[in-house]
$ cat structure-v9.txt   # compact mmCIF, C-alpha atoms
# COMPACT_ATOMS: atom_id res chain seq x y z
CA LYS A 1 -51.92 -40.55 -57.02
CA LEU A 2 -49.18 -39.10 -54.81
CA GLY A 3 -47.57 -37.57 -57.91
CA ARG A 4 -50.85 -35.91 -58.94
CA VAL A 5 -51.37 -34.53 -55.43
CA PHE A 6 -47.85 -33.09 -55.37
CA THR A 7 -48.15 -31.62 -58.88
CA GLY A 8 -51.41 -29.97 -57.82
CA TRP A 9 -49.70 -28.47 -54.77
CA VAL A 10 -46.91 -27.03 -56.94
CA GLN A 11 -49.44 -25.52 -59.34
CA ARG A 12 -51.53 -24.03 -56.53
CA SER A 13 -48.40 -22.59 -54.91
CA PHE A 14 -47.32 -21.02 -58.21
CA GLN A 15 -50.80 -19.62 -58.91
CA SER A 16 -51.24 -18.18 -55.42
CA THR A 17 -47.86 -16.47 -55.57
CA GLN A 18 -48.64 -15.05 -59.02
CA ALA A 19 -51.98 -13.80 -57.75
CA ALA A 20 -50.24 -12.02 -54.89
CA ALA A 21 -48.07 -10.16 -57.36
CA ALA A 22 -51.04 -9.26 -59.55
CA SER A 23 -53.41 -8.06 -56.87
CA GLN A 24 -52.66 -4.66 -55.39
CA SER A 25 -55.59 -5.01 -53.03
CA ALA A 26 -54.11 -8.22 -51.68
CA CYS A 27 -50.80 -6.45 -51.21
CA ALA A 28 -52.52 -3.65 -49.32
CA ALA A 29 -54.32 -6.12 -47.08
CA ALA A 30 -51.07 -7.91 -46.27
CA ASP A 31 -49.54 -4.54 -45.43
CA SER A 32 -51.69 -4.14 -42.31
CA LYS A 33 -49.21 -5.92 -40.05
CA ALA A 34 -45.87 -4.14 -39.92
CA PRO A 35 -42.84 -6.12 -38.77
CA SER A 36 -40.67 -4.93 -35.93
CA PRO A 37 -37.83 -2.73 -37.19
CA ALA A 38 -34.28 -3.99 -36.94
CA PRO A 39 -32.50 -2.94 -33.72
CA ARG A 40 -30.60 0.31 -34.20
CA ASP A 41 -27.25 -1.19 -33.25
CA CYS A 42 -27.70 -4.40 -35.31
CA PRO A 43 -24.79 -4.89 -37.72
CA VAL A 44 -27.13 -6.38 -40.34
CA CYS A 45 -29.94 -4.36 -41.92
CA SER A 46 -30.83 -4.24 -45.60
CA TYR A 47 -34.25 -4.13 -47.23
CA ASN A 48 -33.55 -3.40 -50.89
CA GLU A 49 -30.87 -3.06 -53.56
CA TRP A 50 -30.34 0.72 -53.51
CA ASP A 51 -30.39 2.33 -50.04
CA PRO A 52 -26.99 3.86 -49.06
CA LEU A 53 -24.51 0.99 -48.73
CA GLU A 54 -22.58 0.89 -45.45
CA GLU A 55 -21.19 -2.66 -45.21
CA VAL A 56 -20.70 -5.45 -47.72
CA ILE A 57 -19.20 -8.92 -48.08
CA VAL A 58 -16.99 -9.30 -51.17
CA GLY A 59 -16.11 -12.76 -52.41
CA ARG A 60 -12.72 -14.40 -53.02
CA ALA A 61 -11.28 -15.93 -56.17
CA GLU A 62 -8.47 -17.64 -54.26
CA ASN A 63 -8.29 -21.40 -54.83
CA ALA A 64 -11.24 -21.34 -57.25
CA CYS A 65 -11.82 -24.78 -58.77
CA VAL A 66 -13.72 -25.93 -61.84
CA PRO A 67 -16.77 -27.92 -60.67
CA PRO A 68 -17.03 -31.55 -61.81
CA PHE A 69 -19.10 -31.92 -64.96
CA SER A 70 -22.26 -33.31 -63.36
CA VAL A 71 -25.77 -33.09 -64.83
CA GLU A 72 -26.70 -29.90 -62.96
CA VAL A 73 -23.50 -28.19 -64.13
CA LYS A 74 -24.13 -29.27 -67.71
CA ALA A 75 -27.64 -27.78 -67.60
CA ASN A 76 -26.30 -24.41 -66.44
CA THR A 77 -23.34 -23.94 -68.76
CA TYR A 78 -22.90 -23.26 -72.45
CA GLU A 79 -22.11 -26.14 -74.78
CA LYS A 80 -18.91 -24.52 -76.06
CA TYR A 81 -17.43 -24.85 -72.54
CA TRP A 82 -18.42 -28.48 -71.89
CA GLY A 83 -15.03 -29.73 -73.03
CA PHE A 84 -13.40 -27.34 -70.55
CA TYR A 85 -15.44 -28.80 -67.68
CA GLN A 86 -14.82 -32.38 -68.76
CA LYS A 87 -11.07 -31.77 -68.88
CA PHE A 88 -10.57 -29.58 -65.80
CA GLY A 89 -13.43 -30.55 -63.46
CA GLY A 90 -12.07 -30.78 -59.90
CA GLN A 91 -8.94 -28.81 -60.81
CA SER A 92 -8.06 -25.14 -60.50
CA PHE A 93 -9.33 -22.60 -62.97
CA PRO A 94 -6.41 -21.36 -65.13
CA GLN A 95 -3.95 -19.96 -62.58
CA ASP A 96 -2.94 -16.87 -64.53
CA HIS A 97 -6.58 -15.95 -65.04
CA VAL A 98 -7.37 -16.45 -61.34
CA LYS A 99 -4.42 -14.23 -60.32
CA LYS A 100 -5.78 -11.43 -62.48
CA ALA A 101 -9.26 -11.91 -61.03
CA ILE A 102 -7.85 -11.73 -57.48
CA ALA A 103 -6.08 -8.45 -58.29
CA GLU A 104 -9.26 -6.99 -59.82
CA ILE A 105 -11.36 -7.86 -56.77
CA GLU A 106 -8.74 -6.42 -54.41
CA GLU A 107 -8.93 -3.14 -56.33
CA MET A 108 -12.71 -3.29 -56.20
CA CYS A 109 -12.51 -3.66 -52.40
CA ASN A 110 -10.15 -0.67 -52.20
CA ILE A 111 -12.56 1.45 -54.22
CA LEU A 112 -15.50 0.44 -52.03
CA LYS A 113 -13.52 1.43 -48.94
CA ARG A 114 -12.68 4.79 -50.50
CA GLU A 115 -16.41 5.28 -51.05
CA GLY A 116 -16.95 4.82 -47.31
CA VAL A 117 -18.12 1.18 -47.35
CA ILE A 118 -16.93 -1.40 -44.78
CA VAL A 119 -15.72 -4.54 -46.60
CA LYS A 120 -15.67 -8.07 -45.16
CA ARG A 121 -14.17 -11.12 -46.90
CA PRO A 122 -14.85 -14.86 -46.56
CA ASP A 123 -12.12 -17.22 -45.41
CA PRO A 124 -9.80 -18.80 -48.01
CA ILE A 125 -10.44 -22.53 -48.32
CA ASP A 126 -8.86 -25.32 -50.38
CA TRP A 127 -11.74 -26.15 -52.71
CA SER A 128 -9.88 -29.00 -54.43
CA VAL A 129 -10.42 -31.33 -51.46
CA LYS A 130 -12.75 -34.18 -52.36
CA TYR A 131 -15.68 -34.77 -50.01
CA LYS A 132 -18.32 -37.46 -49.76
CA THR A 133 -21.83 -37.66 -48.29
CA PRO A 134 -24.10 -40.73 -48.21
CA ASP A 135 -25.59 -39.51 -51.50
CA PHE A 136 -22.73 -38.16 -53.64
CA GLU A 137 -19.10 -37.14 -53.79
CA SER A 138 -17.58 -34.02 -55.27
CA THR A 139 -14.92 -31.35 -54.98
CA GLY A 140 -15.73 -27.74 -54.14
CA MET A 141 -15.80 -24.61 -56.27
CA TYR A 142 -15.15 -21.24 -54.60
CA ALA A 143 -16.41 -18.50 -52.28
CA ALA A 144 -16.43 -15.90 -55.03
CA MET A 145 -20.14 -15.09 -55.18
CA PRO A 146 -21.65 -14.34 -51.74
CA ARG A 147 -24.85 -13.18 -53.48
CA ASP A 148 -25.43 -16.80 -54.53
CA ILE A 149 -25.44 -18.19 -51.01
CA LEU A 150 -26.48 -15.33 -48.69
CA LEU A 151 -29.71 -13.32 -48.69
CA VAL A 152 -30.15 -10.43 -46.26
CA VAL A 153 -33.76 -9.55 -45.43
CA GLY A 154 -33.98 -6.84 -42.77
CA ASN A 155 -31.70 -7.89 -39.93
CA GLU A 156 -31.70 -11.57 -40.92
CA ILE A 157 -29.04 -13.44 -42.90
CA ILE A 158 -30.46 -16.46 -44.72
CA GLU A 159 -28.03 -19.15 -45.90
CA ALA A 160 -29.31 -20.66 -49.14
CA PRO A 161 -29.23 -24.48 -49.47
CA MET A 162 -27.77 -24.27 -53.02
CA ALA A 163 -28.34 -26.78 -55.83
CA TRP A 164 -24.90 -27.69 -57.20
CA ARG A 165 -23.10 -30.52 -55.45
CA ALA A 166 -19.83 -28.62 -55.89
CA ARG A 167 -21.29 -25.84 -53.71
CA PHE A 168 -22.64 -28.04 -50.89
CA PHE A 169 -20.03 -26.88 -48.36
CA GLU A 170 -19.54 -23.34 -49.65
CA TYR A 171 -21.17 -21.92 -46.51
CA ARG A 172 -18.06 -22.84 -44.50
CA ALA A 173 -16.13 -19.89 -45.94
CA TYR A 174 -18.69 -17.45 -44.48
CA ARG A 175 -19.33 -18.97 -41.06
CA ARG A 176 -16.77 -16.83 -39.20
CA ILE A 177 -18.33 -13.63 -40.52
CA ILE A 178 -21.90 -14.76 -39.92
CA LYS A 179 -21.13 -15.78 -36.33
CA ASP A 180 -19.74 -12.29 -35.73
CA TYR A 181 -22.95 -10.76 -37.10
CA PHE A 182 -25.03 -13.14 -34.99
CA ASN A 183 -23.09 -12.22 -31.86
CA GLY A 184 -23.77 -8.59 -32.75
CA GLY A 185 -27.54 -9.14 -32.71
CA ALA A 186 -28.42 -10.29 -36.25
CA LYS A 187 -30.81 -13.12 -36.99
CA TRP A 188 -29.23 -16.14 -38.66
CA THR A 189 -31.23 -18.75 -40.56
CA THR A 190 -30.01 -21.73 -42.53
CA ALA A 191 -32.52 -23.07 -45.03
CA PRO A 192 -33.07 -26.86 -45.06
CA LYS A 193 -29.97 -28.47 -46.51
CA PRO A 194 -30.86 -30.76 -49.42
CA THR A 195 -29.35 -34.21 -49.61
CA MET A 196 -28.57 -33.54 -53.30
CA ALA A 197 -29.35 -37.18 -53.95
CA ASP A 198 -29.82 -38.32 -57.55
CA GLU A 199 -33.58 -37.79 -57.22
CA LEU A 200 -33.07 -34.00 -57.02
CA TYR A 201 -31.91 -33.96 -60.65
CA ASP A 202 -33.40 -35.09 -63.92
CA GLN A 203 -30.53 -37.37 -64.89
CA ASP A 204 -31.77 -37.49 -68.50
CA TYR A 205 -32.35 -33.74 -68.88
CA PRO A 206 -32.14 -33.29 -72.68
CA ILE A 207 -30.05 -30.24 -73.56
CA HIS A 208 -28.09 -30.17 -76.78
CA SER A 209 -28.84 -26.69 -78.12
CA VAL A 210 -30.23 -23.29 -77.18
CA GLU A 211 -33.43 -24.29 -78.97
CA ASP A 212 -33.79 -27.32 -76.70
CA ARG A 213 -33.31 -25.13 -73.65
CA HIS A 214 -35.90 -22.61 -74.84
CA LYS A 215 -38.47 -25.36 -75.35
CA LEU A 216 -37.80 -26.96 -71.97
CA ALA A 217 -37.90 -23.64 -70.08
CA ALA A 218 -41.15 -22.70 -71.84
CA GLN A 219 -42.61 -26.04 -70.71
CA GLY A 220 -41.48 -25.41 -67.13
CA LYS A 221 -38.96 -28.25 -67.23
CA PHE A 222 -35.68 -27.86 -65.37
CA VAL A 223 -32.77 -30.05 -64.34
CA THR A 224 -33.77 -29.76 -60.67
CA THR A 225 -36.88 -31.68 -59.62
CA GLU A 226 -39.23 -31.12 -56.69
CA PHE A 227 -37.67 -33.94 -54.66
CA GLU A 228 -36.66 -31.51 -51.88
CA PRO A 229 -36.31 -27.74 -51.46
CA CYS A 230 -33.36 -26.10 -53.15
CA PHE A 231 -32.54 -22.53 -54.12
CA ASP A 232 -29.68 -20.13 -54.71
CA ALA A 233 -30.07 -16.77 -53.00
CA ALA A 234 -29.24 -14.99 -56.26
CA ASP A 235 -32.59 -16.02 -57.72
CA PHE A 236 -34.25 -13.57 -55.31
CA ILE A 237 -34.16 -9.78 -55.64
CA ARG A 238 -35.49 -7.38 -53.01
CA ALA A 239 -37.68 -4.30 -53.15
CA GLY A 240 -38.70 -3.67 -49.55
CA ARG A 241 -41.75 -5.70 -48.59
CA ASP A 242 -41.82 -7.34 -52.03
CA ILE A 243 -39.28 -9.97 -53.03
CA PHE A 244 -39.22 -11.33 -56.58
CA VAL A 245 -37.95 -14.78 -57.53
CA GLN A 246 -37.70 -17.02 -60.57
CA ARG A 247 -38.04 -20.79 -60.86
CA SER A 248 -34.72 -21.71 -62.42
CA GLN A 249 -32.26 -24.55 -62.94
CA VAL A 250 -31.09 -24.09 -59.34
CA THR A 251 -34.24 -22.86 -57.57
CA ASN A 252 -37.31 -25.09 -57.43
CA TYR A 253 -40.90 -24.41 -56.33
CA MET A 254 -40.35 -26.16 -52.99
CA GLY A 255 -37.47 -23.80 -52.26
CA ILE A 256 -39.59 -20.79 -53.21
CA GLU A 257 -42.45 -22.05 -51.03
CA TRP A 258 -40.08 -22.48 -48.08
CA MET A 259 -38.97 -18.86 -48.48
CA ARG A 260 -42.57 -17.65 -48.86
CA ARG A 261 -43.67 -19.33 -45.62
CA HIS A 262 -40.50 -18.31 -43.79
CA LEU A 263 -40.88 -14.61 -44.66
CA ALA A 264 -44.68 -14.37 -44.38
CA PRO A 265 -46.56 -12.30 -43.38
CA ASP A 266 -44.05 -9.45 -43.26
CA TYR A 267 -42.77 -9.94 -46.81
CA ARG A 268 -44.45 -11.00 -50.04
CA VAL A 269 -42.62 -13.40 -52.37
CA HIS A 270 -43.69 -13.17 -56.03
CA ILE A 271 -42.72 -15.58 -58.80
CA ILE A 272 -41.83 -13.95 -62.10
CA SER A 273 -40.58 -15.66 -65.24
CA PHE A 274 -38.65 -14.82 -68.39
CA LYS A 275 -38.08 -15.99 -71.92
CA ASP A 276 -34.75 -17.47 -70.91
CA PRO A 277 -33.25 -20.70 -72.27
CA ASN A 278 -31.03 -21.13 -69.22
CA PRO A 279 -32.51 -19.45 -66.14
CA MET A 280 -30.03 -19.29 -63.27
CA HIS A 281 -29.85 -16.24 -60.98
CA ILE A 282 -32.09 -13.28 -61.64
CA ASP A 283 -29.72 -10.32 -61.40
CA ALA A 284 -28.37 -10.37 -64.97
CA THR A 285 -31.95 -10.64 -66.24
CA PHE A 286 -33.96 -8.41 -63.92
CA ASN A 287 -32.01 -6.04 -61.67
CA ILE A 288 -33.93 -3.60 -59.47
CA ILE A 289 -31.79 -0.46 -59.10
CA GLY A 290 -34.06 2.04 -57.36
CA PRO A 291 -37.56 2.62 -55.98
CA GLY A 292 -39.78 1.79 -58.93
CA LEU A 293 -36.81 1.44 -61.29
CA VAL A 294 -35.71 -1.84 -62.89
CA LEU A 295 -33.27 -2.98 -65.57
CA SER A 296 -34.96 -5.63 -67.72
CA ASN A 297 -32.83 -7.69 -70.10
CA PRO A 298 -34.12 -7.18 -73.68
CA ASP A 299 -32.95 -10.67 -74.67
CA ARG A 300 -34.91 -12.25 -71.79
CA PRO A 301 -38.22 -10.36 -71.57
CA CYS A 302 -40.25 -10.69 -68.38
CA HIS A 303 -43.62 -12.37 -68.84
CA GLN A 304 -45.14 -10.33 -66.01
CA ILE A 305 -43.71 -6.93 -66.96
CA GLU A 306 -47.17 -5.34 -67.15
CA LEU A 307 -47.52 -5.81 -63.39
CA PHE A 308 -44.61 -3.43 -62.91
CA LYS A 309 -45.80 -0.95 -65.48
CA LYS A 310 -49.28 -0.86 -63.91
CA ALA A 311 -47.61 -0.16 -60.57
CA CYS A 312 -45.93 2.87 -62.26
CA TRP A 313 -42.45 1.34 -62.27
CA THR A 314 -39.99 2.56 -64.88
CA VAL A 315 -38.66 -0.37 -66.93
CA ILE A 316 -35.30 0.25 -68.61
CA ARG A 317 -33.80 -1.91 -71.35
CA PRO A 318 -30.00 -1.81 -70.91
CA PRO A 319 -27.82 -1.59 -74.02
CA VAL A 320 -26.19 -4.60 -75.65
CA PRO A 321 -22.99 -5.59 -73.75
CA LEU A 322 -19.64 -4.71 -75.29
CA ILE A 323 -17.60 -7.64 -73.96
CA PRO A 324 -15.83 -9.39 -76.88
CA ASP A 325 -16.91 -12.82 -78.05
CA ASP A 326 -13.49 -14.37 -77.40
CA HIS A 327 -13.43 -13.47 -73.70
CA PRO A 328 -14.04 -16.63 -71.61
CA LEU A 329 -17.29 -16.62 -69.66
CA TRP A 330 -17.33 -20.15 -68.28
CA MET A 331 -20.45 -19.76 -66.15
CA SER A 332 -22.29 -16.67 -67.33
CA SER A 333 -23.47 -14.61 -70.27
CA LYS A 334 -22.33 -11.23 -71.56
CA TRP A 335 -25.23 -9.63 -69.71
CA LEU A 336 -23.09 -9.31 -66.61
CA SER A 337 -22.89 -5.73 -67.85
CA MET A 338 -26.24 -5.10 -66.10
CA ASN A 339 -25.15 -7.00 -62.98
CA VAL A 340 -24.29 -3.76 -61.19
CA LEU A 341 -24.02 -2.77 -57.53
CA MET A 342 -25.91 0.31 -56.37
CA LEU A 343 -24.03 2.24 -53.67
CA ASP A 344 -27.10 4.41 -53.30
CA GLU A 345 -29.80 5.77 -55.59
CA LYS A 346 -27.33 8.09 -57.32
CA ARG A 347 -24.12 5.99 -57.41
CA VAL A 348 -23.52 2.71 -59.20
CA MET A 349 -20.49 0.45 -59.54
CA VAL A 350 -20.23 -0.51 -63.21
CA ASP A 351 -17.77 -2.25 -65.53
CA ALA A 352 -15.09 0.17 -66.71
CA ASN A 353 -15.19 -1.42 -70.17
CA GLU A 354 -18.97 -1.09 -70.67
CA THR A 355 -19.20 2.51 -71.88
CA SER A 356 -22.72 2.09 -73.29
CA ILE A 357 -24.30 1.22 -69.97
CA GLN A 358 -22.26 3.95 -68.28
CA LYS A 359 -23.92 6.47 -70.59
CA MET A 360 -27.32 4.95 -69.81
CA PHE A 361 -26.81 5.44 -66.06
CA GLU A 362 -25.50 8.96 -66.53
CA SER A 363 -28.60 9.83 -68.58
CA LEU A 364 -30.63 8.73 -65.53
CA GLY A 365 -28.65 11.09 -63.27
CA ILE A 366 -26.72 8.23 -61.66
CA SER A 367 -22.95 8.66 -61.22
CA THR A 368 -20.86 5.70 -62.34
CA ILE A 369 -17.97 4.27 -60.35
CA LYS A 370 -15.96 2.48 -63.00
CA VAL A 371 -14.08 -0.70 -62.05
CA ASN A 372 -12.51 -3.34 -64.28
CA ILE A 373 -13.40 -6.89 -63.23
CA ARG A 374 -13.28 -8.50 -66.67
CA HIS A 375 -11.25 -11.54 -65.50
CA ALA A 376 -13.42 -11.87 -62.40
CA ASN A 377 -16.45 -11.95 -64.73
CA SER A 378 -15.15 -15.19 -66.19
CA LEU A 379 -15.74 -16.97 -62.88
CA GLY A 380 -19.46 -16.34 -63.18
CA GLY A 381 -20.48 -12.94 -61.87
CA GLY A 382 -20.57 -9.17 -62.01
CA PHE A 383 -20.56 -6.64 -59.16
CA HIS A 384 -23.91 -7.74 -57.76
CA CYS A 385 -22.83 -11.40 -57.73
CA TRP A 386 -19.43 -10.69 -56.15
CA THR A 387 -21.06 -8.89 -53.21
CA CYS A 388 -23.69 -9.32 -50.53
CA ASP A 389 -24.84 -6.05 -48.99
CA ILE A 390 -24.99 -6.51 -45.23
CA ARG A 391 -26.09 -3.06 -44.16
CA ARG A 392 -27.84 -0.29 -46.05
CA ARG A 393 -29.08 2.88 -44.39
CA GLY A 394 -32.84 2.75 -44.86
CA THR A 395 -36.16 1.49 -43.57
CA LEU A 396 -38.65 -1.13 -44.65
CA GLN A 397 -41.12 0.27 -47.17
CA SER A 398 -43.55 -0.96 -49.79
CA TYR A 399 -42.81 0.06 -53.38
CA PHE A 400 -45.31 -2.17 -55.15
CA ASP A 401 -48.73 -1.14 -53.81
$ encode --input "structure-v9.txt" --output "structure tokens"
Amino acid sequence: KLGRVFTGWVQRSFQSTQAAAASQSACAAADSKAPSPAPRDCPVCSYNEWDPLEEVIVGRAENACVPPFSVEVKANTYEKYWGFYQKFGGQSFPQDHVKKAIAEIEEMCNILKREGVIVKRPDPIDWSVKYKTPDFESTGMYAAMPRDILLVVGNEIIEAPMAWRARFFEYRAYRRIIKDYFNGGAKWTTAPKPTMADELYDQDYPIHSVEDRHKLAAQGKFVTTEFEPCFDAADFIRAGRDIFVQRSQVTNYMGIEWMRRHLAPDYRVHIISFKDPNPMHIDATFNIIGPGLVLSNPDRPCHQIELFKKACWTVIRPPVPLIPDDHPLWMSSKWLSMNVLMLDEKRVMVDANETSIQKMFESLGISTIKVNIRHANSLGGGFHCWTCDIRRRGTLQSYFD
């Protein structure tokens, strides 16, 4: 009986969130109460993905370690790399590769600074140290992807609880920076930390092929259960008062519901879904790059795309990535080509090797800032993943009514 009650709650939560996205009248009604603007001198203020970027956190590849090959890691990685995880879990990623990634990210930081952006970096930490809680033991991974763990909504920084055991203590690398922002007047919220006990994961999650993953995703089955709230911040993407999220291998409905209640009534959280065999992080599948402008992955079509078209959004299908098949992508797909960072509505940081998507942006009147982070890509992210925009010059608006 308890199981049926809980399943009903999950379904009602999903349906109510979908209805909010579908109903413009409901959006307009919710718009009647405007939140207080962020203080003028607050160091943290960002409402969307495209207002002029003034300050950003950029991750670190230093000391990056391969996560242990646990069930949640297996469900989020490609089968051809499983042997790599089984052999090197708990050890450093290949040192030569990491050195090249470090150099690429340093150059990326230099370019951001030349573009007038303030850059902050997390603290270097030894991620190979084994740790133990009452529920599990693991080694760490890295502080390379601040977008995964930090979500800025207005003048608030939200620390995501995460879903991988190897990322349980990742927040420690960012605490010095966040305390500085807090002392400067920013809001600071830490989402409920999951125990990451065995009950959070389907220990028998059956994944042996892409076909298996497609079937499971279509059935709404994921490696994470609804035992407790969990989410990665990178499963959320912001467009002013409307924030879009996917249920994925690392973000469950309880985590989405926590965010919905936490941000209500000032913000509206909408669940969207995709034809994706391995959903994890939304920004290489659906990347909002301007007011009413979104990149939608042609290999992972959005099931709710008509909602955006009816709201007069322009939906752009980015070109097929050019990254070669033999380049290692241990934790991501080739579609990192669309994982771009908007410096403002008319400037975008894009992979120097991806000439096709450069031409696409230029056809839209958007200047491309070309940076090579090909080795950094291998660690699991593009420009959007490697950054968390702390301050953008803009105000809270609604783009979806």
$ residues_around --input "structure-v9.txt" --residues "Ser70 in chain A" --least-positions-apart "5" --cutoff "10 Å" --atoms "all atoms listed in the file" --output "list in words"
Ala75, Tyr85, Gln86, Gly89, Ser138, Trp164, Arg165, Ala166 and Gln203 of chain A
$ write_last_selection --input "structure-v9.txt" --atoms "C-alpha atoms" --output "PDB file, in the frame of the given file"
ATOM      1  CA  ALA A  75     -27.640 -27.780 -67.600  1.00  0.00           C
ATOM      2  CA  TYR A  85     -15.440 -28.800 -67.680  1.00  0.00           C
ATOM      3  CA  GLN A  86     -14.820 -32.380 -68.760  1.00  0.00           C
ATOM      4  CA  GLY A  89     -13.430 -30.550 -63.460  1.00  0.00           C
ATOM      5  CA  SER A 138     -17.580 -34.020 -55.270  1.00  0.00           C
ATOM      6  CA  TRP A 164     -24.900 -27.690 -57.200  1.00  0.00           C
ATOM      7  CA  ARG A 165     -23.100 -30.520 -55.450  1.00  0.00           C
ATOM      8  CA  ALA A 166     -19.830 -28.620 -55.890  1.00  0.00           C
ATOM      9  CA  GLN A 203     -30.530 -37.370 -64.890  1.00  0.00           C
TER      10      GLN A 203
END
$ atom_distance --input "structure-v9.txt" --atom1 "CA of Asp232 in chain A" --atom2 "CA of Ala191 in chain A"
10.5 Å
$ closest_residue --input "structure-v9.txt" --among "A:Trp330, A:Phe244, A:Phe383, A:Tyr399" --to "Pro94 in chain A" --atoms "only C-alpha atoms"
A:Trp330
$ atom_distance --input "structure-v9.txt" --atom1 "CA of Leu322 in chain A" --atom2 "CA of Phe286 in chain A"
18.7 Å
$ residues_around --input "structure-v9.txt" --residues "Lys179 in chain A" --least-positions-apart "6" --cutoff "12 Å" --atoms "all atoms listed in the file" --output "ChimeraX atom specification"
/A:43-44,157,171-173,185-189
$ atom_distance --input "structure-v9.txt" --atom1 "CA of Ala376 in chain A" --atom2 "CA of Pro67 in chain A"
16.5 Å
$ closest_residue --input "structure-v9.txt" --among "A:Trp50, A:Arg393, A:Leu216, A:Val71" --to "Met342 in chain A" --atoms "only C-alpha atoms"
A:Trp50
$ closest_residue --input "structure-v9.txt" --among "A:Glu306, A:Ser378, A:Asp351, A:Gly90" --to "His327 in chain A" --atoms "all atoms listed in the file"
A:Ser378
$ residues_around --input "structure-v9.txt" --residues "Asn48 in chain A" --least-positions-apart "2" --cutoff "8 Å" --atoms "only C-alpha atoms" --output "PyMOL selection string"
chain A and resi 46+50-51+237-240
$ write_last_selection --input "structure-v9.txt" --atoms "C-alpha atoms" --output "PDB file, keeping the file's coordinate frame"
ATOM      1  CA  SER A  46     -30.830  -4.240 -45.600  1.00  0.00           C
ATOM      2  CA  TRP A  50     -30.340   0.720 -53.510  1.00  0.00           C
ATOM      3  CA  ASP A  51     -30.390   2.330 -50.040  1.00  0.00           C
ATOM      4  CA  ILE A 237     -34.160  -9.780 -55.640  1.00  0.00           C
ATOM      5  CA  ARG A 238     -35.490  -7.380 -53.010  1.00  0.00           C
ATOM      6  CA  ALA A 239     -37.680  -4.300 -53.150  1.00  0.00           C
ATOM      7  CA  GLY A 240     -38.700  -3.670 -49.550  1.00  0.00           C
TER       8      GLY A 240
END
$ build_atoms --input "structure-v9.txt" --residues "range 328-342 of chain A" --atoms "N, CA and C atoms" --output "PDB file, keeping the file's coordinate frame"
ATOM      1  N   PRO A 328     -13.404 -15.451 -72.235  1.00  0.00           N
ATOM      2  CA  PRO A 328     -14.040 -16.630 -71.610  1.00  0.00           C
ATOM      3  C   PRO A 328     -15.053 -16.232 -70.540  1.00  0.00           C
ATOM      4  N   LEU A 329     -16.247 -16.781 -70.673  1.00  0.00           N
ATOM      5  CA  LEU A 329     -17.290 -16.620 -69.660  1.00  0.00           C
ATOM      6  C   LEU A 329     -17.802 -18.022 -69.350  1.00  0.00           C
ATOM      7  N   TRP A 330     -17.071 -18.727 -68.496  1.00  0.00           N
ATOM      8  CA  TRP A 330     -17.330 -20.150 -68.280  1.00  0.00           C
ATOM      9  C   TRP A 330     -18.694 -20.415 -67.661  1.00  0.00           C
ATOM     10  N   MET A 331     -19.200 -19.484 -66.859  1.00  0.00           N
ATOM     11  CA  MET A 331     -20.450 -19.760 -66.150  1.00  0.00           C
ATOM     12  C   MET A 331     -21.454 -18.615 -66.229  1.00  0.00           C
ATOM     13  N   SER A 332     -21.381 -17.799 -67.259  1.00  0.00           N
ATOM     14  CA  SER A 332     -22.290 -16.670 -67.330  1.00  0.00           C
ATOM     15  C   SER A 332     -22.401 -16.176 -68.762  1.00  0.00           C
ATOM     16  N   SER A 333     -23.285 -15.207 -68.958  1.00  0.00           N
ATOM     17  CA  SER A 333     -23.470 -14.610 -70.270  1.00  0.00           C
ATOM     18  C   SER A 333     -22.840 -13.216 -70.286  1.00  0.00           C
ATOM     19  N   LYS A 334     -22.848 -12.594 -71.439  1.00  0.00           N
ATOM     20  CA  LYS A 334     -22.330 -11.230 -71.560  1.00  0.00           C
ATOM     21  C   LYS A 334     -23.127 -10.219 -70.748  1.00  0.00           C
ATOM     22  N   TRP A 335     -24.360 -10.592 -70.385  1.00  0.00           N
ATOM     23  CA  TRP A 335     -25.230  -9.630 -69.710  1.00  0.00           C
ATOM     24  C   TRP A 335     -24.822  -9.335 -68.280  1.00  0.00           C
ATOM     25  N   LEU A 336     -23.636  -9.779 -67.882  1.00  0.00           N
ATOM     26  CA  LEU A 336     -23.090  -9.310 -66.610  1.00  0.00           C
ATOM     27  C   LEU A 336     -22.902  -7.804 -66.611  1.00  0.00           C
ATOM     28  N   SER A 337     -22.981  -7.183 -67.774  1.00  0.00           N
ATOM     29  CA  SER A 337     -22.890  -5.730 -67.850  1.00  0.00           C
ATOM     30  C   SER A 337     -23.986  -5.047 -67.033  1.00  0.00           C
ATOM     31  N   MET A 338     -25.149  -5.686 -66.896  1.00  0.00           N
ATOM     32  CA  MET A 338     -26.240  -5.100 -66.100  1.00  0.00           C
ATOM     33  C   MET A 338     -26.257  -5.622 -64.674  1.00  0.00           C
ATOM     34  N   ASN A 339     -25.268  -6.448 -64.323  1.00  0.00           N
ATOM     35  CA  ASN A 339     -25.150  -7.000 -62.980  1.00  0.00           C
ATOM     36  C   ASN A 339     -24.346  -6.013 -62.124  1.00  0.00           C
ATOM     37  N   VAL A 340     -24.969  -4.886 -61.832  1.00  0.00           N
ATOM     38  CA  VAL A 340     -24.290  -3.760 -61.190  1.00  0.00           C
ATOM     39  C   VAL A 340     -24.604  -3.717 -59.698  1.00  0.00           C
ATOM     40  N   LEU A 341     -23.803  -2.960 -58.966  1.00  0.00           N
ATOM     41  CA  LEU A 341     -24.020  -2.770 -57.530  1.00  0.00           C
ATOM     42  C   LEU A 341     -24.338  -1.309 -57.280  1.00  0.00           C
ATOM     43  N   MET A 342     -25.523  -1.053 -56.729  1.00  0.00           N
ATOM     44  CA  MET A 342     -25.910   0.310 -56.370  1.00  0.00           C
ATOM     45  C   MET A 342     -25.306   0.659 -55.011  1.00  0.00           C
TER      46      MET A 342
END
